[in-house]
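Scroll down for the structure; my scribbles are underneath it.
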Amino acid sequence: MLARSIDDVDLPQPLLVDAARSAIAAGEPEAARDHALALQRQLLGPVINATGVLLHTNLGRAPMAHQQLATATNLEFDLETGKRGSRSKHAAELITRLTGAEAAIVVNNCAAAVTLVLAALARDRAVPVSRGEMVEIGGGFRVPDVMEQSGAQLVEVGTTNRTRAGDFQAAVDHNDVALLLKVHPSNYRITGFTEQASVQQLSQIGPPVVVDLGSGLLDEACPWLRNGRPQWLREEPAVRQTLKEGAALVTFSGDKLLGGPQAGIIAGQADLVSACARHPLMRAFRPGGLVLAALQTIALAYLSRDGDAIPFWRMAQAEPSELMARAKSIGVGRATTMMSMAGGGSLPGEEIESAGIEIDGDHTEALRDEPLPIIARVREGVTHLDLRTVDSAHDPIVASAVSRLH
């Protein structure tokens with residue numbers, strides 16, 4: 001009876017029953033609706049990202065929309081021959097066109113990409129890595145742990161702040177080395193008295209060079225952007241140029257600077273990519289058709305040089321003056337300049353000029369309680385809503401929410 005009284009909450013009947021029982025167990029049956037709404041809010045759903053962090057890991061990193069019909073696809077069917085095809089075509093072949101790689105395959109994230117490369121090409125053999133590049137990514141995952149699980153043998157070379165090509169050469173001289181691994185420290189920086197071996201230098205030593213770029217910038221020139229490469233990307237290495245410098249393989253994420261779905265991509269020499277594709281772990285790491293179709297959509301936008309079709313780059317390209325005009329048009333709160341950041345473990349320390357609104361006090365909880373939750377940030381007792389990461393279609397929702405705070 002109590003569950004039926006709250007059936008206007010958009011949840012299946014079994015979950016309404018759970019909410020009613022939870023309220024009764026808490027001795028507050030009159031709060032059954034609140035329990036149902038709390039349960040509803042625990043489900044995966046949309047929010048408005050007003051944090052100014054474009055690739056907010058907790059908010060799903062790169063935002064993107066993808067739709068497809070509920071129909072069969074040619075995921076593993078060759079339309080030309082009528083025989084079984086490969087899911088390693090489609091999006092992966094578009095990635096090769098974009099990066100200049102001989103071949104590519106797609107897995108479910110970048111950690112899986114690195115693990116697969118090491119397991120397929122370096123099991124029970126040595127892989128030198130600079131001590132300054134033994135990174136930890138989100139969730140406590142560390143390069144040494146990934147290498148251990150792959151079966152590769154880690155050989156630390158150099159020091160935290162200085163590693164030379166000669167350090168890698170010494171490791172090759174004294175170990176059965178399968179690969180040289182270079183990891184781009186995308187979520188931190190070491191400055192001052194530093195030195196690192198370049199990809200070009202490493203490629204002269206002998207073993208194949210694998211570069212984990214992580215963030216996934218495709219091309220330094222950024223030909224898909226209206227004004228070319230922005231200043232905040234000036235030091236970010238790109239896949240195309242890294243391959244040209246001599247990397248045998250490059251691994252990178254799909255949901256960071258690429259602006260697509262969560263995925264990991266391995267691109268480079270055809271024989272090495274093929275060895276990875278044949279490894280038994282590929283079966284466990286391969287993504288489904290929805291991810292591959294979404295990645296294909298993003299790749300086609302890049303080939304069309306249409307950065308505005310990719311939500312991440314559309315946000316990144318917005319002019320500060322445009323954002324300030326939106327902030328003033330919202331009409332509540334104080335319109336002010338702000339600084340956004342890429343986020344997602346990318347471009348540490350780099351900021352992007354932005355604009356938004358600020359309200360005195362900490363209102364983050366009230367904004368999260370909105371029907372369409374708004375995620376903001378607080379600094380020195382002031383709530384900041386950065387409009388660079390807010391779709392302009394949501395400005396009226398933001399305005400209404402802020403007006404209710406006063």
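How things are named: the first chain in the structure tokens is A, the next is B, and so on; residues count from 1 in each chain; ligands count from 1 in the order shown.
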| said: If DSSP is run on the backbone, what residues of range 96-324 of chain A are strand (DSSP E or B)? A reply as number ranges by chain would be ideal. | reply: A: 103-107, 126-130, 136, 142, 153-157, 162, 177, 180-183, 195, 209-214, 249-253, 264-268
| Residue neighbourhood Val127 in chain A, 8 Å, only C-alpha atoms, exclusion window fewer than 2 positions, as number ranges by chain | A: 122, 125, 129, 152-155, 177-181
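Among the candidate residues A:Ile352, A:Leu217, A:Ala26, A:Leu202, the one lying nearest to Trp232 in chain A is A:Ile352, with distances computed using only C-alpha atoms.
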| request: Select from range 96-246 of chain A everything DSSP, run on the backbone, classes as alpha helix (DSSP H), then give the selection as a ChimeraX atom specification. | output: /A:96-99,110-122,143-150,165-174,199-203,239-244
| task | Record the distance separating CA of Ala316 in chain A and CA of Thr336 in chain A, expressed in Å with one decimal. | result | 18.1 Å
| task | Please provide the set of residues having any atom within 10 Å of Ser274 in chain A, restricted to only C-alpha atoms, with same-chain residues fewer than 5 positions apart removed, written as a PyMOL selection string. | result | chain A and resi 103-105+120+269+279
| task | Tell me, as a ChimeraX atom specification, which residues lie within 10 Å of Ile374 in chain A, counting only C-alpha atoms; anything in the same chain fewer than 6 positions away does not count. | result | /A:46-51,364-368,385,390,397-398,401
| query | Skipping near chain neighbours, those fewer than 6 positions away, what residues fall within 9 Å of Glu245 in chain A using only C-alpha atoms, listed as a PyMOL selection string? | reply | chain A and resi 198-201+203
Put those residues in a file: C-alpha atoms, as a CSV table (one decimal), in the first residue's frame.
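The result, stored in part28.csv:
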chain,number,residue,atom,x,y,z
A,198,SER,CA,63.4,11.6,-26.4
A,199,VAL,CA,61.5,9.1,-28.5
A,200,GLN,CA,63.9,9.7,-31.3
A,201,GLN,CA,66.9,8.8,-29.1
A,203,SER,CA,64.3,4.5,-31.2
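Closest to Asp360 in chain A among A:Val143, A:Met339, A:Leu372, A:Leu405 is A:Leu405, based on only C-alpha atoms.
Minimum atom-to-atom distance to Val53 in chain A, evaluated using only C-alpha atoms, belongs to A:Gly343 out of A:Gly82, A:Pro396, A:Gly343, A:Pro348.
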| Distance query Leu54 in chain A at most 10 Å, only C-alpha atoms, self and fewer than 6 positions along chain excluded, as a list in words | Arg61, Ala62, Pro63, Lys256, Leu257, Gly259, Pro311, Phe312, Trp313, Met315, Ala316, Ser340, Met341, Ala342, Gly343, Gly344, Arg388, Thr389 and Val390 of chain A
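Coordinates place CA of Gly216 in chain A at a distance of 26.9 Å from CA of Asn74 in chain A.
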| said: Report as a list in words all protein, DNA and RNA residues lying within 12 Å of Arg226 in chain A, evaluated on only C-alpha atoms, omitting residues in the same chain fewer than 4 positions from it. | reply: Ala221, Cys222, Pro230, Arg305, Asp306, Gly307, Asp308, Trp313, Arg314, Ala316, Gln317, Ala318 and Glu319 of chain A
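For the set A:Val382, A:Val157, A:Leu258, A:Glu351, the residue with the smallest atom-to-atom gap to Ala299 in chain A is A:Leu258, counting only C-alpha atoms.
Among the candidates A:Glu76, A:Glu235, A:Asp34, A:Asp395, the residue lying nearest to Glu220 in chain A is A:Glu235 (atoms considered: only C-alpha atoms).
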